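A.B. asks: Quick one, run-v5.txt (compact mmCIF, C-alpha atoms):
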# COMPACT_ATOMS: atom_id res chain seq x y z
CA MET A 1 -0.60 -8.03 18.87
CA THR A 2 1.69 -8.51 21.85
CA ILE A 3 1.95 -11.92 23.50
CA GLY A 4 -0.41 -14.81 22.91
CA SER A 5 -2.41 -15.48 19.77
CA VAL A 6 -3.91 -13.69 16.80
CA ASP A 7 -7.30 -14.98 15.64
CA GLY A 8 -6.52 -18.29 17.27
CA VAL A 9 -3.08 -18.64 15.69
CA ASN A 10 -0.09 -18.79 18.05
CA SER A 11 2.22 -15.79 17.74
CA PRO A 12 5.63 -14.97 19.17
CA ALA A 13 6.11 -12.54 22.04
CA ILE A 14 6.23 -9.45 19.88
CA THR A 15 4.56 -6.09 19.69
CA TYR A 16 3.71 -5.73 16.02
CA LEU A 17 3.51 -2.14 14.77
CA ASP A 18 4.36 -2.76 11.11
CA HIS A 19 1.01 -3.40 9.46
CA ALA A 20 1.82 -1.14 6.50
CA ALA A 21 4.54 -3.64 5.58
CA SER A 22 2.33 -6.70 5.98
CA THR A 23 -0.70 -7.58 8.06
CA PRO A 24 -1.16 -10.87 9.91
CA MET A 25 -3.42 -13.16 7.93
CA ARG A 26 -6.97 -13.38 9.13
CA ALA A 27 -7.95 -16.79 10.49
CA GLU A 28 -10.93 -16.86 8.13
CA ALA A 29 -8.63 -16.29 5.15
CA VAL A 30 -6.33 -19.10 6.26
CA GLU A 31 -9.32 -21.41 6.64
CA ALA A 32 -10.66 -20.42 3.22
CA MET A 33 -7.45 -21.24 1.42
CA MET A 34 -6.64 -24.56 3.09
CA PRO A 35 -8.93 -26.80 0.95
CA TYR A 36 -7.20 -25.48 -2.17
CA LEU A 37 -3.77 -26.28 -0.74
CA ARG A 38 -4.68 -29.69 0.61
CA ASP A 39 -7.55 -31.25 -1.37
CA GLN A 40 -8.67 -29.16 -4.37
CA TYR A 41 -5.27 -28.81 -5.98
CA ALA A 42 -6.20 -29.13 -9.65
CA ASN A 43 -5.00 -26.57 -12.19
CA PRO A 44 -8.00 -24.30 -12.92
CA SER A 45 -6.98 -24.09 -16.57
CA GLY A 46 -7.67 -27.81 -17.02
CA SER A 47 -10.78 -29.35 -18.56
CA HIS A 48 -11.77 -32.11 -16.12
CA ARG A 49 -14.31 -31.55 -13.37
CA PHE A 50 -11.73 -31.08 -10.61
CA ALA A 51 -10.14 -28.29 -12.65
CA ARG A 52 -13.57 -26.82 -13.28
CA GLN A 53 -14.20 -26.75 -9.53
CA ALA A 54 -11.03 -24.73 -9.01
CA ARG A 55 -12.00 -22.41 -11.83
CA GLN A 56 -15.43 -21.93 -10.27
CA ALA A 57 -13.76 -20.90 -6.99
CA ILE A 58 -11.77 -18.28 -8.90
CA ASP A 59 -14.86 -16.98 -10.70
CA GLU A 60 -16.78 -16.71 -7.43
CA SER A 61 -13.85 -14.91 -5.81
CA ARG A 62 -13.75 -12.48 -8.74
CA ASP A 63 -17.42 -11.67 -8.12
CA ARG A 64 -16.73 -11.10 -4.43
CA VAL A 65 -13.75 -8.84 -5.07
CA ALA A 66 -15.66 -6.84 -7.67
CA ALA A 67 -18.53 -6.27 -5.24
CA VAL A 68 -16.17 -4.69 -2.69
CA LEU A 69 -14.39 -2.60 -5.31
CA GLY A 70 -17.54 -1.40 -7.03
CA CYS A 71 -16.63 -2.69 -10.47
CA HIS A 72 -17.72 -5.41 -12.87
CA PRO A 73 -16.21 -8.87 -12.36
CA ASN A 74 -14.70 -8.90 -15.85
CA GLU A 75 -12.73 -5.79 -14.90
CA VAL A 76 -10.85 -7.68 -12.15
CA VAL A 77 -7.48 -9.16 -13.16
CA PHE A 78 -5.72 -11.39 -10.63
CA THR A 79 -1.96 -10.86 -10.41
CA GLY A 80 0.93 -12.12 -8.29
CA CYS A 81 1.24 -9.00 -6.09
CA GLY A 82 0.72 -5.26 -5.92
CA THR A 83 4.11 -4.60 -7.51
CA GLU A 84 3.15 -6.64 -10.54
CA SER A 85 -0.16 -4.79 -10.78
CA ASP A 86 1.60 -1.42 -10.67
CA ASN A 87 4.15 -2.52 -13.26
CA MET A 88 1.43 -3.85 -15.53
CA ALA A 89 -0.48 -0.59 -15.33
CA ILE A 90 2.48 1.68 -16.12
CA THR A 91 4.38 -0.46 -18.61
CA GLY A 92 1.18 -1.70 -20.21
CA ALA A 93 -0.14 1.83 -20.73
CA VAL A 94 3.10 3.05 -22.25
CA GLY A 95 3.18 -0.01 -24.48
CA ARG A 96 -0.38 0.41 -25.73
CA ILE A 97 -0.75 4.19 -25.87
CA GLY A 98 2.84 5.36 -26.17
CA GLY A 99 3.97 8.68 -24.79
CA VAL A 100 4.76 9.78 -21.28
CA ALA A 101 4.02 8.21 -17.90
CA VAL A 102 3.50 10.62 -15.00
CA CYS A 103 3.45 10.01 -11.25
CA SER A 104 3.87 11.82 -7.96
CA ALA A 105 7.25 12.06 -6.25
CA VAL A 106 6.15 9.98 -3.25
CA GLU A 107 4.92 6.88 -5.05
CA HIS A 108 6.00 3.41 -3.99
CA HIS A 109 9.07 2.30 -5.93
CA ALA A 110 6.83 -0.15 -7.81
CA VAL A 111 5.41 2.91 -9.57
CA LEU A 112 8.16 5.50 -9.29
CA GLU A 113 10.96 3.36 -10.68
CA VAL A 114 8.80 2.13 -13.54
CA VAL A 115 7.90 5.70 -14.53
CA GLU A 116 11.56 6.67 -14.35
CA HIS A 117 12.50 3.58 -16.40
CA HIS A 118 10.19 4.82 -19.14
CA HIS A 119 11.68 8.35 -18.89
CA GLY A 120 8.46 9.75 -17.53
CA ALA A 121 7.66 12.85 -15.48
CA VAL A 122 7.53 13.14 -11.68
CA VAL A 123 5.28 15.70 -9.98
CA GLY A 124 5.96 17.29 -6.60
CA VAL A 125 3.86 17.06 -3.46
CA ASP A 126 2.84 19.32 -0.60
CA ALA A 127 4.13 19.16 2.98
CA ALA A 128 1.60 16.43 3.81
CA GLY A 129 2.73 14.21 0.95
CA ARG A 130 -0.26 14.85 -1.32
CA VAL A 131 0.30 15.45 -5.02
CA ASP A 132 0.52 19.14 -5.95
CA LEU A 133 -2.53 19.57 -8.18
CA ASP A 134 -1.33 22.82 -9.75
CA GLU A 135 2.02 21.26 -10.60
CA LEU A 136 0.25 18.22 -12.01
CA ALA A 137 -1.82 20.39 -14.33
CA ALA A 138 1.25 22.37 -15.41
CA THR A 139 3.21 19.19 -16.05
CA LEU A 140 0.47 17.73 -18.22
CA ASP A 141 0.16 21.01 -20.16
CA ARG A 142 3.91 21.04 -20.79
CA ILE A 143 3.95 17.48 -22.09
CA VAL A 144 0.97 18.10 -24.38
CA ALA A 145 2.52 21.37 -25.62
CA ASP A 146 5.58 19.36 -26.65
CA ASP A 147 3.23 17.34 -28.87
CA ARG A 148 3.67 14.18 -26.81
CA PRO A 149 0.75 12.07 -25.59
CA VAL A 150 0.37 11.37 -21.88
CA ALA A 151 -0.04 7.62 -21.51
CA ILE A 152 -0.89 7.36 -17.83
CA VAL A 153 -0.98 9.38 -14.62
CA SER A 154 -0.42 7.38 -11.43
CA VAL A 155 -1.22 8.85 -8.01
CA MET A 156 -1.45 6.61 -4.94
CA ALA A 157 -4.64 6.60 -2.89
CA VAL A 158 -2.78 6.34 0.44
CA ASN A 159 0.95 6.81 0.96
CA ASN A 160 2.73 3.73 2.27
CA GLU A 161 5.15 5.60 4.53
CA VAL A 162 3.28 8.51 6.08
CA GLY A 163 -0.35 7.61 5.37
CA SER A 164 -1.37 10.72 3.40
CA ILE A 165 -4.69 10.51 1.53
CA ASN A 166 -4.80 11.93 -1.99
CA ASP A 167 -7.86 13.61 -3.47
CA LEU A 168 -8.30 11.21 -6.38
CA PRO A 169 -11.49 12.80 -7.77
CA ALA A 170 -9.57 16.07 -8.08
CA VAL A 171 -6.63 14.27 -9.69
CA ALA A 172 -8.95 12.62 -12.19
CA ARG A 173 -10.63 15.91 -13.09
CA ILE A 174 -7.26 17.50 -13.84
CA VAL A 175 -6.15 14.58 -15.99
CA ARG A 176 -9.43 14.54 -17.96
CA ARG A 177 -9.15 18.28 -18.55
CA HIS A 178 -5.44 18.59 -19.38
CA ALA A 179 -4.62 15.18 -20.90
CA PRO A 180 -7.94 13.59 -21.88
CA GLY A 181 -6.31 10.64 -23.63
CA ALA A 182 -4.38 9.53 -20.55
CA LEU A 183 -5.31 6.70 -18.22
CA VAL A 184 -5.62 7.38 -14.49
CA HIS A 185 -4.06 4.76 -12.22
CA THR A 186 -3.98 4.54 -8.45
CA ASP A 187 -1.82 2.32 -6.30
CA ALA A 188 -4.46 1.53 -3.70
CA VAL A 189 -2.34 -1.10 -1.94
CA GLN A 190 -2.48 0.81 1.36
CA ALA A 191 -6.09 1.94 0.98
CA ALA A 192 -8.31 -1.11 1.47
CA CYS A 193 -8.28 -0.98 5.28
CA TRP A 194 -9.15 2.70 5.42
CA LEU A 195 -11.14 3.81 2.36
CA ASP A 196 -14.34 2.45 0.86
CA LEU A 197 -12.90 1.54 -2.52
CA ARG A 198 -16.34 1.88 -4.11
CA THR A 199 -15.75 5.63 -3.76
CA VAL A 200 -12.33 5.39 -5.39
CA THR A 201 -12.77 3.02 -8.33
CA PRO A 202 -15.22 5.19 -10.34
CA HIS A 203 -12.63 7.96 -10.63
CA VAL A 204 -9.80 5.88 -12.08
CA ASP A 205 -9.19 3.61 -15.05
CA LEU A 206 -6.76 1.29 -13.25
CA LEU A 207 -6.45 0.31 -9.58
CA SER A 208 -3.88 -1.94 -7.86
CA LEU A 209 -4.28 -4.00 -4.67
CA SER A 210 -2.16 -6.49 -2.72
CA ALA A 211 -3.78 -9.10 -0.47
CA HIS A 212 -1.22 -9.18 2.33
CA LYS A 213 -1.93 -5.55 3.21
CA PHE A 214 -5.44 -6.39 4.46
CA GLY A 215 -5.17 -9.80 6.07
CA GLY A 216 -4.80 -11.98 3.00
CA PRO A 217 -1.79 -14.04 1.89
CA LYS A 218 1.37 -12.83 0.21
CA GLY A 219 1.73 -13.55 -3.48
CA VAL A 220 -1.64 -12.42 -4.83
CA GLY A 221 -2.93 -9.06 -6.02
CA VAL A 222 -5.44 -7.34 -8.28
CA LEU A 223 -5.40 -4.92 -11.17
CA VAL A 224 -8.77 -3.40 -11.99
CA GLU A 225 -9.12 -2.38 -15.64
CA ARG A 226 -12.34 -0.41 -15.84
CA GLY A 227 -14.15 -0.72 -19.12
CA GLY A 228 -12.23 -3.83 -20.11
CA PRO A 229 -8.61 -4.22 -21.25
CA ARG A 230 -6.86 -0.84 -21.12
CA VAL A 231 -3.18 -1.82 -21.13
CA ASP A 232 -0.90 -4.36 -22.76
CA PRO A 233 -0.29 -7.50 -20.69
CA LEU A 234 2.96 -7.72 -18.77
CA ILE A 235 3.08 -11.54 -18.73
CA ILE A 236 2.10 -13.54 -21.81
CA GLY A 237 2.21 -17.17 -22.82
CA GLY A 238 -0.74 -18.97 -21.28
CA GLY A 239 -3.84 -16.91 -21.92
CA GLN A 240 -5.19 -16.89 -18.38
CA GLU A 241 -7.25 -13.92 -17.14
CA ARG A 242 -8.70 -13.52 -20.65
CA GLU A 243 -5.23 -12.98 -22.13
CA ARG A 244 -4.50 -10.15 -19.68
CA ARG A 245 -2.23 -12.00 -17.25
CA SER A 246 -0.82 -15.38 -18.16
CA GLY A 247 0.30 -17.91 -15.57
CA THR A 248 -1.31 -20.63 -13.48
CA HIS A 249 -3.78 -19.15 -11.03
CA ASN A 250 -2.98 -19.11 -7.33
CA THR A 251 -6.40 -20.53 -6.48
CA ALA A 252 -5.85 -20.75 -2.72
CA GLY A 253 -4.47 -17.22 -2.56
CA ILE A 254 -7.28 -15.76 -4.65
CA VAL A 255 -9.97 -17.36 -2.49
CA ALA A 256 -8.24 -16.20 0.70
CA MET A 257 -7.84 -12.68 -0.68
CA ALA A 258 -11.56 -12.42 -1.44
CA THR A 259 -12.37 -13.53 2.11
CA ALA A 260 -9.95 -11.06 3.69
CA LEU A 261 -11.20 -8.20 1.52
CA GLU A 262 -14.84 -8.84 2.43
CA LEU A 263 -14.01 -8.91 6.15
CA THR A 264 -11.95 -5.73 5.86
CA ASP A 265 -14.81 -4.01 4.07
CA ALA A 266 -17.38 -5.12 6.66
CA GLU A 267 -15.27 -3.99 9.63
CA ARG A 268 -13.76 -0.83 8.16
CA ASP A 269 -15.89 1.82 9.84
CA VAL A 270 -15.54 0.32 13.33
CA GLU A 271 -11.84 -0.37 12.89
CA ARG A 272 -11.14 3.11 11.60
CA LEU A 273 -12.62 4.66 14.75
CA ARG A 274 -10.86 2.19 17.05
CA LEU A 275 -7.47 2.59 15.44
CA THR A 276 -7.71 6.38 15.20
CA GLU A 277 -7.94 6.45 18.99
CA LEU A 278 -5.03 4.03 19.40
CA ARG A 279 -2.88 5.89 16.87
CA ASP A 280 -3.46 9.20 18.65
CA GLN A 281 -2.62 7.57 22.00
CA LEU A 282 0.62 6.29 20.53
CA VAL A 283 1.75 9.58 19.02
CA LYS A 284 0.64 11.72 21.95
CA GLY A 285 2.20 9.30 24.41
CA LEU A 286 5.57 9.64 22.70
CA GLN A 287 5.27 13.41 22.51
CA ALA A 288 4.37 13.62 26.20
CA ALA A 289 7.35 11.52 27.23
CA LEU A 290 9.99 12.80 24.83
CA ASP A 291 11.12 16.15 23.48
CA GLY A 292 11.56 16.55 19.75
CA VAL A 293 8.89 14.14 18.47
CA THR A 294 7.20 15.53 15.33
CA GLU A 295 4.12 13.94 13.83
CA THR A 296 5.07 13.94 10.16
CA VAL A 297 1.55 14.37 8.74
CA PRO A 298 -1.39 15.86 10.69
CA ALA A 299 -4.00 13.35 11.78
CA ALA A 300 -6.68 14.96 9.62
CA ASP A 301 -4.70 14.32 6.44
CA LYS A 302 -3.86 10.63 6.88
CA VAL A 303 -5.34 7.21 7.53
CA ALA A 304 -6.05 5.86 10.98
CA GLY A 305 -3.27 3.29 10.96
CA ALA A 306 -0.39 5.65 10.24
CA ALA A 307 1.69 6.77 13.24
CA HIS A 308 4.72 8.18 11.45
CA VAL A 309 6.97 10.46 13.49
CA CYS A 310 10.40 12.02 13.21
CA ILE A 311 12.44 12.01 16.41
CA ALA A 312 15.21 14.57 16.87
CA ASP A 313 18.75 13.68 17.89
CA ILE A 314 18.62 9.98 17.01
CA GLU A 315 19.13 7.84 13.89
CA SER A 316 16.46 5.42 12.74
CA GLU A 317 18.90 2.58 12.19
CA ALA A 318 20.05 2.60 15.81
CA LEU A 319 16.51 3.03 17.12
CA LEU A 320 15.18 0.12 15.08
CA TYR A 321 17.97 -2.09 16.36
CA LEU A 322 16.95 -1.40 19.96
CA LEU A 323 13.26 -1.90 19.16
CA ASP A 324 14.03 -5.21 17.51
CA GLU A 325 16.01 -6.32 20.55
CA ALA A 326 12.93 -5.53 22.65
CA ASP A 327 10.63 -7.46 20.26
CA VAL A 328 8.87 -4.39 18.91
CA CYS A 329 8.34 -4.48 15.14
CA ALA A 330 8.36 -1.13 13.34
CA SER A 331 10.16 0.37 10.39
CA ALA A 332 11.69 3.61 9.21
CA ALA A 333 11.60 5.91 6.25
CA SER A 334 15.38 5.86 6.04
CA ALA A 335 17.84 3.38 4.64
CA CYS A 336 21.54 2.87 5.12
CA ALA A 337 23.50 3.47 1.92
CA SER A 338 27.28 3.47 1.80
CA GLY A 339 27.44 3.93 5.54
CA ALA A 340 25.38 7.12 5.51
CA MET A 341 21.76 7.45 6.55
CA GLU A 342 19.76 8.82 3.65
CA PRO A 343 16.22 10.17 4.04
CA SER A 344 13.46 8.39 2.18
CA HIS A 345 12.36 9.84 -1.13
CA VAL A 346 8.94 10.46 0.43
CA LEU A 347 10.24 12.68 3.22
CA ALA A 348 12.64 14.46 0.86
CA ALA A 349 9.78 15.24 -1.53
CA MET A 350 7.69 16.55 1.39
CA GLY A 351 10.46 18.98 2.30
CA VAL A 352 11.35 17.34 5.62
CA SER A 353 14.89 18.35 6.54
CA ARG A 354 17.56 15.69 6.31
CA GLU A 355 18.43 16.28 9.97
CA LEU A 356 14.89 15.42 11.03
CA ALA A 357 14.30 12.69 8.45
CA ILE A 358 17.15 10.50 9.66
CA GLY A 359 15.16 10.04 12.88
CA ALA A 360 12.01 8.81 11.09
CA LEU A 361 9.97 6.02 12.66
CA ARG A 362 7.02 4.41 10.91
CA MET A 363 4.64 2.66 13.29
CA SER A 364 1.55 1.31 11.57
CA LEU A 365 -1.53 -0.20 13.17
CA GLY A 366 -3.99 -2.80 11.93
CA HIS A 367 -6.70 -5.30 12.74
CA THR A 368 -4.71 -7.10 15.46
CA THR A 369 -3.43 -3.98 17.21
CA THR A 370 -4.45 -3.64 20.87
CA GLU A 371 -4.17 -0.98 23.55
CA ASP A 372 -1.47 -3.11 25.17
CA ASP A 373 0.54 -2.88 21.95
CA VAL A 374 0.32 0.89 22.08
CA HIS A 375 1.37 1.08 25.74
CA ARG A 376 4.30 -1.24 25.20
CA GLY A 377 5.27 0.57 22.02
CA ILE A 378 5.43 3.86 23.89
CA GLU A 379 7.44 2.32 26.72
CA VAL A 380 10.02 0.67 24.48
CA VAL A 381 10.45 3.63 22.12
CA VAL A 382 10.87 6.05 25.02
CA ASP A 383 13.46 3.80 26.67
CA ALA A 384 15.33 3.33 23.38
CA VAL A 385 15.40 7.03 22.50
CA THR A 386 16.52 7.92 26.02
CA THR A 387 19.32 5.38 25.79
CA LEU A 388 20.47 6.67 22.39
CA ARG A 389 20.40 10.29 23.47
CA ARG A 390 22.25 9.50 26.66
CA GLY A 391 24.90 7.66 24.67
CA ALA A 392 25.28 10.58 22.26
CA THR A 393 26.14 12.95 25.11
CA THR A 394 28.73 10.76 26.83
Could you write out this file's structure as structure tokens?
C.D. replies:
Amino acid sequence: MTIGSVDGVNSPAITYLDHAASTPMRAEAVEAMMPYLRDQYANPSGSHRFARQARQAIDESRDRVAAVLGCHPNEVVFTGCGTESDNMAITGAVGRIGGVAVCSAVEHHAVLEVVEHHHGAVVGVDAAGRVDLDELAATLDRIVADDRPVAIVSVMAVNNEVGSINDLPAVARIVRRHAPGALVHTDAVQAACWLDLRTVTPHVDLLSLSAHKFGGPKGVGVLVERGGPRVDPLIIGGGQERERRSGTHNTAGIVAMATALELTDAERDVERLRLTELRDQLVKGLQAALDGVTETVPAADKVAGAAHVCIADIESEALLYLLDEADVCASAASACASGAMEPSHVLAAMGVSRELAIGALRMSLGHTTTEDDVHRGIEVVVDAVTTLRRGATT
């Protein structure tokens, strides 16, 4: 998305390469939600016919979501976002089962910080950001040997920073063998655009999604609980979602999410091929024009939309400032803390040196990305890096 419109909606003059943070809403999803914002505004928990119409829209959306995920509709719990879904899975499992929560070292903070809050265990990863399966098995054995139950093991399907794909069937086999009483959870928030979730869901007990990562609205998510309720509810006091998640339903958001998910599912194979080509153009274009550009994870080990690189001799904060000034939207795997650039926990866990990690740049592609975006992205990044390097030598 550069200049003009996206799906018929006017957009500013930007080059948007930050789809892993949030995707532009699909026009069809916007259209689907409008009646429930404008006309059909009744509370679906009510008893009159207008409320029943809203509740019917939610039930139909649940069926549609379940069909894409390969689960039963009564296993779909609508939540307020992916973070809530992750929190519900971890905290709810610890609350119901007791014992230890386990996750990989590169999880989104919505998982990692919850596991740490419950004094759980964190497992290392390989150089591509995939969970170390041998270390996972050893960690589970150690916990069980200490006569403590393992409540839940959470491993993300696709990493939100570098795009690594985990082998979830292998993860599930290890958990079933070494901690058979534990639940298996995956944060699949970054996966819907790239993986057929019907091939993921059967291997896990719990799966989290967030609508705004695949062209739906912000403020709505999903937690799949296979086999019925598996964890304690995080929010109580209303009884919605069959007592699993209280709170008035976001009817418009749920309907729009179902629409966006169906479109994403239908277009996935074509989009994956198209965006793999664009991603490779982007990374190779930067490497051809600049010295010291390292692709963080090999293309074979990550999703099509992930163009994460580390650029030598620059700092992400300064680079992002120049990109923003040029109306290019991207992000970094570094944050400024106390005046010092600190590498992301993902890159640190992968063993990326601090010197290289402070030059991290996350460019992520999605359904609105065009070849013009890629060309302009290369041009602006090259100009910005050249400017920063020139300034560092004067």
A.B. asks: Please determine, counting only C-alpha atoms, which residue among A:Ala101, A:Ala27, A:Leu273, A:Val65 has the shortest atom-to-atom distance to Pro149 of chain A.
C.D. replies: A:Ala101
A.B. asks: One decimal, in Å: what's the spacing between atom CA of Gly46 of chain A and atom CA of Arg242 of chain A?
C.D. replies: 14.8 Å
A.B. asks: Skipping near chain neighbours, those fewer than 2 positions away, what residues fall within 9 Å of Leu195 of chain A using only C-alpha atoms, listed as a list in words?
C.D. replies: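 Result of the neighbour search: Ala157, Val158, Ala191, Ala192, Cys193, Leu197, Arg198, Thr199, Val200, Asp265, Arg268 and Val303 of chain A.
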A.B. asks: What separation in Å, quoted to one decimal, exists between atom CA of Ser104 of chain A and atom CA of Leu133 of chain A?
C.D. replies: 10.1 Å
A.B. asks: Nearest to His212 of chain A: which of A:Ile358, A:Ala260, A:Val381, A:Asp134 is it, counting only C-alpha atoms?
C.D. replies: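 Of A:Ile358, A:Ala260, A:Val381, A:Asp134, the one nearest His212 of chain A, counting only C-alpha atoms, is A:Ala260.
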A.B. asks: Could you check which residues have any atom within 8 Å of (-8.2, -10.6, -15.0), counting only C-alpha atoms with coordinates taken straight from the file, and then list them as a PDB file with C-alpha atoms, keeping the file's coordinate frame?
C.D. replies:
ATOM      1  CA  ASN A  74     -14.700  -8.900 -15.850  1.00  0.00           C
ATOM      2  CA  GLU A  75     -12.730  -5.790 -14.900  1.00  0.00           C
ATOM      3  CA  VAL A  76     -10.850  -7.680 -12.150  1.00  0.00           C
ATOM      4  CA  VAL A  77      -7.480  -9.160 -13.160  1.00  0.00           C
ATOM      5  CA  PHE A  78      -5.720 -11.390 -10.630  1.00  0.00           C
ATOM      6  CA  THR A  79      -1.960 -10.860 -10.410  1.00  0.00           C
ATOM      7  CA  VAL A 222      -5.440  -7.340  -8.280  1.00  0.00           C
ATOM      8  CA  LEU A 223      -5.400  -4.920 -11.170  1.00  0.00           C
ATOM      9  CA  VAL A 224      -8.770  -3.400 -11.990  1.00  0.00           C
ATOM     10  CA  GLN A 240      -5.190 -16.890 -18.380  1.00  0.00           C
ATOM     11  CA  GLU A 241      -7.250 -13.920 -17.140  1.00  0.00           C
ATOM     12  CA  ARG A 242      -8.700 -13.520 -20.650  1.00  0.00           C
ATOM     13  CA  ARG A 244      -4.500 -10.150 -19.680  1.00  0.00           C
ATOM     14  CA  ARG A 245      -2.230 -12.000 -17.250  1.00  0.00           C
TER      15      ARG A 245
END
A.B. asks: Compare A:Ile174, A:Leu388, A:Leu69, A:Ile165 by their minimum atom-to-atom distance to Ala318 of chain A, counting all atoms listed in the file, and give me the closest one.
C.D. replies: A:Leu388
A.B. asks: If you count all atoms listed in the file, which residues fall within 12 Å of segment 341-356 of chain A, apart from same-chain ones fewer than 4 positions away, as a ChimeraX atom specification?
C.D. replies: /A:104-109,112-113,122-132,159-164,292-297,308-318,331-337,360-362
A.B. asks: Add whatever atoms are absent from segment 23-36 of chain A to reach N, CA and C atoms, and provide the output as a PDB file, keeping the file's coordinate frame.
C.D. replies:
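Wrote out_13.pdb, looks like this:
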ATOM      1  N   THR A  23       0.206  -7.299   6.943  1.00  0.00           N
ATOM      2  CA  THR A  23      -0.700  -7.580   8.060  1.00  0.00           C
ATOM      3  C   THR A  23      -0.725  -9.067   8.360  1.00  0.00           C
ATOM      4  N   PRO A  24      -0.948  -9.450   9.610  1.00  0.00           N
ATOM      5  CA  PRO A  24      -1.160 -10.870   9.910  1.00  0.00           C
ATOM      6  C   PRO A  24      -2.375 -11.379   9.141  1.00  0.00           C
ATOM      7  N   MET A  25      -2.273 -12.584   8.632  1.00  0.00           N
ATOM      8  CA  MET A  25      -3.420 -13.160   7.930  1.00  0.00           C
ATOM      9  C   MET A  25      -4.594 -13.371   8.880  1.00  0.00           C
ATOM     10  N   ARG A  26      -5.765 -13.109   8.376  1.00  0.00           N
ATOM     11  CA  ARG A  26      -6.970 -13.380   9.130  1.00  0.00           C
ATOM     12  C   ARG A  26      -7.220 -14.887   9.179  1.00  0.00           C
ATOM     13  N   ALA A  27      -7.699 -15.362  10.334  1.00  0.00           N
ATOM     14  CA  ALA A  27      -7.950 -16.790  10.490  1.00  0.00           C
ATOM     15  C   ALA A  27      -8.942 -17.294   9.442  1.00  0.00           C
ATOM     16  N   GLU A  28      -9.930 -16.459   9.118  1.00  0.00           N
ATOM     17  CA  GLU A  28     -10.930 -16.860   8.130  1.00  0.00           C
ATOM     18  C   GLU A  28     -10.303 -17.034   6.743  1.00  0.00           C
ATOM     19  N   ALA A  29      -9.313 -16.182   6.437  1.00  0.00           N
ATOM     20  CA  ALA A  29      -8.630 -16.290   5.150  1.00  0.00           C
ATOM     21  C   ALA A  29      -7.779 -17.552   5.084  1.00  0.00           C
ATOM     22  N   VAL A  30      -7.109 -17.870   6.199  1.00  0.00           N
ATOM     23  CA  VAL A  30      -6.330 -19.100   6.260  1.00  0.00           C
ATOM     24  C   VAL A  30      -7.248 -20.313   6.061  1.00  0.00           C
ATOM     25  N   GLU A  31      -8.368 -20.303   6.748  1.00  0.00           N
ATOM     26  CA  GLU A  31      -9.320 -21.410   6.640  1.00  0.00           C
ATOM     27  C   GLU A  31      -9.858 -21.539   5.219  1.00  0.00           C
ATOM     28  N   ALA A  32     -10.107 -20.396   4.570  1.00  0.00           N
ATOM     29  CA  ALA A  32     -10.660 -20.420   3.220  1.00  0.00           C
ATOM     30  C   ALA A  32      -9.695 -21.011   2.205  1.00  0.00           C
ATOM     31  N   MET A  33      -8.412 -20.778   2.419  1.00  0.00           N
ATOM     32  CA  MET A  33      -7.450 -21.240   1.420  1.00  0.00           C
ATOM     33  C   MET A  33      -7.021 -22.695   1.624  1.00  0.00           C
ATOM     34  N   MET A  34      -7.182 -23.238   2.804  1.00  0.00           N
ATOM     35  CA  MET A  34      -6.640 -24.560   3.090  1.00  0.00           C
ATOM     36  C   MET A  34      -7.164 -25.671   2.166  1.00  0.00           C
ATOM     37  N   PRO A  35      -8.471 -25.719   1.844  1.00  0.00           N
ATOM     38  CA  PRO A  35      -8.930 -26.800   0.950  1.00  0.00           C
ATOM     39  C   PRO A  35      -8.228 -26.790  -0.407  1.00  0.00           C
ATOM     40  N   TYR A  36      -7.822 -25.590  -0.855  1.00  0.00           N
ATOM     41  CA  TYR A  36      -7.200 -25.480  -2.170  1.00  0.00           C
ATOM     42  C   TYR A  36      -5.693 -25.738  -2.113  1.00  0.00           C
TER      43      TYR A  36
END
